[in-house]
Amino acid sequence: MMALLRTTMDSPTGGYVTRRLHVPKEVWSQGGAKLPNIPEKVQVVRILCSALDDLQLCSSEYFGAGNVSSGLALGIGSIGRKEGDAWLGKLEDFSSVCDGVVANFGKKLNVGEGFAIKKITWGDRLTRRFDKFTNGKNLDSPDAYVQGLRKLFLHAQLLDEHTRAVLSQPVAPAYEALPADIRGSAEIKLKRSSEFFASVVLTFVIQDLSQLLDKYAKKCEKWLAE
């Protein structure tokens with residue numbers, strides 16, 4: 001879904017998010033649309049982009065550059081339990097960021113229902129990450145929101161690649177050398193990340209898209225009437 005949404009923002013003609021629903025690119029850039037809680041959403045998007053940037057660097061370090069689910073990642077062959085444990089630690093760090101997002105913004109954005117957050121230990125690094133992006137500039141800019149979503153949806157494909165790698169049959173080369181317990185733990189953590197995006201990020205994005213489509217349809221009706 002995130003890849004489909006990104007296509008509607010990037011392609012000159014927009015794109016389909018379902019078989020019947022086509023979203024023109026102009027829907028995202030139309031003026032006069034007042035979406036709720038833009039500053040908070042921009043903060044959430046920036047926090048997650050930063051966390052995914054870190055995760056991408058670690059993925060390249062442990063699994064090599066390239067798509068881990070396709071078997072084309074460069075550097076495979078030296079990964080073992082040590083690297084697997086380190087990768088699980090990075091996935092847990094990302095999970096903590098997700099928990100922090102729900103704890104700090106879930107009620108305001110009315111999202112995260114059903115996503116059980118763990119007790120958060122606010123280490124210095126996690127605290128700095130949230131402080132950095134809750135005091136930034138241009139937090140109320142709709143354009144910053146849409147541009148942030150484009151970046152977030154692109155970066156989030158990393159989680160999809162790892163999920164497909166660990167679930168594929170046979171297991172993708174990137175995960176094949178890892179012990180079974182490491183693969184199992186990685187699968188659980190990746191599944192939780194997917195649940196977070198479904199219950200938090202996609203929830204408020206789909207709500208905003210619905211509002212934007214409604215406004216766009218009314219504009220089109222007005223143009224036809226003229």
# chains A, B, ... in the order shown; residues from 1 in each chain; ligands from 1

call {"tool": "residues_around", "arguments": {"residues": "Gln147 in chain A", "least_positions_apart": "4", "cutoff": "10 Å", "atoms": "only C-alpha atoms", "output": "mmCIF file with all heavy atoms, in the first residue's frame"}}
result
data_model
loop_
_atom_site.group_PDB
_atom_site.id
_atom_site.type_symbol
_atom_site.label_atom_id
_atom_site.label_comp_id
_atom_site.auth_asym_id
_atom_site.auth_seq_id
_atom_site.Cartn_x
_atom_site.Cartn_y
_atom_site.Cartn_z
ATOM 1 N N ARG A 6 2.940 6.037 -2.789
ATOM 2 C CA ARG A 6 4.092 6.824 -3.264
ATOM 3 C C ARG A 6 3.985 7.047 -4.776
ATOM 4 O O ARG A 6 4.331 8.122 -5.268
ATOM 5 C CB ARG A 6 5.400 6.115 -2.915
ATOM 6 C CG ARG A 6 6.645 6.886 -3.337
ATOM 7 C CD ARG A 6 7.878 6.333 -2.643
ATOM 8 N NE ARG A 6 8.093 4.931 -2.926
ATOM 9 C CZ ARG A 6 8.752 4.467 -3.995
ATOM 10 N NH1 ARG A 6 9.259 5.313 -4.879
ATOM 11 N NH2 ARG A 6 8.918 3.176 -4.177
ATOM 12 N N MET A 9 1.991 9.989 -5.685
ATOM 13 C CA MET A 9 2.674 11.254 -5.429
ATOM 14 C C MET A 9 3.770 11.538 -6.448
ATOM 15 O O MET A 9 4.067 12.700 -6.742
ATOM 16 C CB MET A 9 3.294 11.228 -4.022
ATOM 17 C CG MET A 9 2.302 11.016 -2.898
ATOM 18 S SD MET A 9 3.172 10.775 -1.314
ATOM 19 C CE MET A 9 1.792 10.481 -0.218
ATOM 20 N N ASP A 10 4.383 10.480 -6.982
ATOM 21 C CA ASP A 10 5.550 10.630 -7.858
ATOM 22 C C ASP A 10 5.198 10.665 -9.339
ATOM 23 O O ASP A 10 5.794 11.413 -10.113
ATOM 24 C CB ASP A 10 6.550 9.491 -7.610
ATOM 25 C CG ASP A 10 7.274 9.636 -6.291
ATOM 26 O OD1 ASP A 10 7.301 10.748 -5.742
ATOM 27 O OD2 ASP A 10 7.818 8.625 -5.800
ATOM 28 N N TRP A 28 -2.635 15.633 -4.056
ATOM 29 C CA TRP A 28 -1.751 15.874 -2.916
ATOM 30 C C TRP A 28 -1.267 17.324 -2.826
ATOM 31 O O TRP A 28 -0.773 17.740 -1.777
ATOM 32 C CB TRP A 28 -0.531 14.953 -2.991
ATOM 33 C CG TRP A 28 -0.865 13.510 -2.883
ATOM 34 C CD1 TRP A 28 -0.948 12.605 -3.900
ATOM 35 C CD2 TRP A 28 -1.182 12.767 -1.697
ATOM 36 N NE1 TRP A 28 -1.296 11.359 -3.428
ATOM 37 C CE2 TRP A 28 -1.439 11.430 -2.076
ATOM 38 C CE3 TRP A 28 -1.262 13.111 -0.339
ATOM 39 C CZ2 TRP A 28 -1.774 10.437 -1.157
ATOM 40 C CZ3 TRP A 28 -1.606 12.125 0.577
ATOM 41 C CH2 TRP A 28 -1.855 10.802 0.167
ATOM 42 N N VAL A 42 4.003 15.751 10.613
ATOM 43 C CA VAL A 42 5.337 16.013 10.070
ATOM 44 C C VAL A 42 6.404 15.527 11.047
ATOM 45 O O VAL A 42 7.418 14.939 10.640
ATOM 46 C CB VAL A 42 5.525 17.512 9.769
ATOM 47 C CG1 VAL A 42 6.979 17.814 9.395
ATOM 48 C CG2 VAL A 42 4.613 17.943 8.624
ATOM 49 N N VAL A 45 6.598 11.704 10.816
ATOM 50 C CA VAL A 45 7.242 11.286 9.572
ATOM 51 C C VAL A 45 8.750 11.496 9.655
ATOM 52 O O VAL A 45 9.534 10.617 9.249
ATOM 53 C CB VAL A 45 6.645 12.062 8.380
ATOM 54 C CG1 VAL A 45 7.482 11.856 7.123
ATOM 55 C CG2 VAL A 45 5.205 11.607 8.123
ATOM 56 N N SER A 141 3.723 22.846 7.439
ATOM 57 C CA SER A 141 3.663 22.949 5.992
ATOM 58 C C SER A 141 3.065 21.688 5.365
ATOM 59 O O SER A 141 3.633 20.602 5.513
ATOM 60 C CB SER A 141 5.072 23.186 5.426
ATOM 61 O OG SER A 141 5.092 22.975 4.031
ATOM 62 N N PRO A 142 1.928 21.806 4.648
ATOM 63 C CA PRO A 142 1.363 20.639 3.951
ATOM 64 C C PRO A 142 2.342 20.051 2.947
ATOM 65 O O PRO A 142 2.390 18.832 2.762
ATOM 66 C CB PRO A 142 0.121 21.212 3.265
ATOM 67 C CG PRO A 142 -0.246 22.409 4.082
ATOM 68 C CD PRO A 142 1.056 22.998 4.537
ATOM 69 N N ASP A 143 3.126 20.915 2.288
ATOM 70 C CA ASP A 143 4.104 20.420 1.329
ATOM 71 C C ASP A 143 5.174 19.585 2.023
ATOM 72 O O ASP A 143 5.594 18.548 1.509
ATOM 73 C CB ASP A 143 4.759 21.588 0.589
ATOM 74 C CG ASP A 143 5.728 21.103 -0.485
ATOM 75 O OD1 ASP A 143 5.289 20.421 -1.423
ATOM 76 O OD2 ASP A 143 6.936 21.414 -0.379
ATOM 77 N N LYS A 151 9.259 10.295 1.105
ATOM 78 C CA LYS A 151 10.525 9.764 1.596
ATOM 79 C C LYS A 151 10.286 8.581 2.530
ATOM 80 O O LYS A 151 10.979 7.554 2.444
ATOM 81 C CB LYS A 151 11.298 10.858 2.323
ATOM 82 C CG LYS A 151 12.652 10.405 2.864
ATOM 83 C CD LYS A 151 13.377 11.559 3.555
ATOM 84 C CE LYS A 151 14.727 11.088 4.119
ATOM 85 N NZ LYS A 151 15.437 12.188 4.828
ATOM 86 N N LEU A 152 9.296 8.709 3.410
ATOM 87 C CA LEU A 152 9.007 7.643 4.368
ATOM 88 C C LEU A 152 8.583 6.362 3.648
ATOM 89 O O LEU A 152 9.057 5.268 3.983
ATOM 90 C CB LEU A 152 7.908 8.092 5.327
ATOM 91 C CG LEU A 152 7.441 7.051 6.347
ATOM 92 C CD1 LEU A 152 8.589 6.609 7.247
ATOM 93 C CD2 LEU A 152 6.285 7.600 7.188
#

call {"tool": "residues_around", "arguments": {"residues": "Thr163 in chain A", "least_positions_apart": "6", "cutoff": "12 Å", "atoms": "only C-alpha atoms", "output": "PyMOL selection string"}}
result
chain A and resi 67-70+91+156-157+171-172+174-175+183-194

call {"tool": "residues_around", "arguments": {"residues": "Val23 in chain A", "least_positions_apart": "5", "cutoff": "6 Å", "atoms": "only C-alpha atoms", "output": "number ranges by chain"}}
result
A: 8, 14-15

call {"tool": "write_last_selection", "arguments": {"atoms": "N, CA and C atoms", "output": "PDB file, in the first residue's frame"}}
result
ATOM      1  N   THR A   8       1.274   7.475  -6.452  1.00  0.00           N
ATOM      2  CA  THR A   8       0.298   8.550  -6.689  1.00  0.00           C
ATOM      3  C   THR A   8       0.930   9.921  -6.478  1.00  0.00           C
ATOM      4  N   GLY A  14      -0.401  10.254 -11.511  1.00  0.00           N
ATOM      5  CA  GLY A  14      -0.924   9.637 -10.304  1.00  0.00           C
ATOM      6  C   GLY A  14      -0.860   8.123 -10.391  1.00  0.00           C
ATOM      7  N   GLY A  15      -1.755   7.455  -9.689  1.00  0.00           N
ATOM      8  CA  GLY A  15      -1.728   5.996  -9.719  1.00  0.00           C
ATOM      9  C   GLY A  15      -2.948   5.397  -9.039  1.00  0.00           C
TER      10      GLY A  15
END
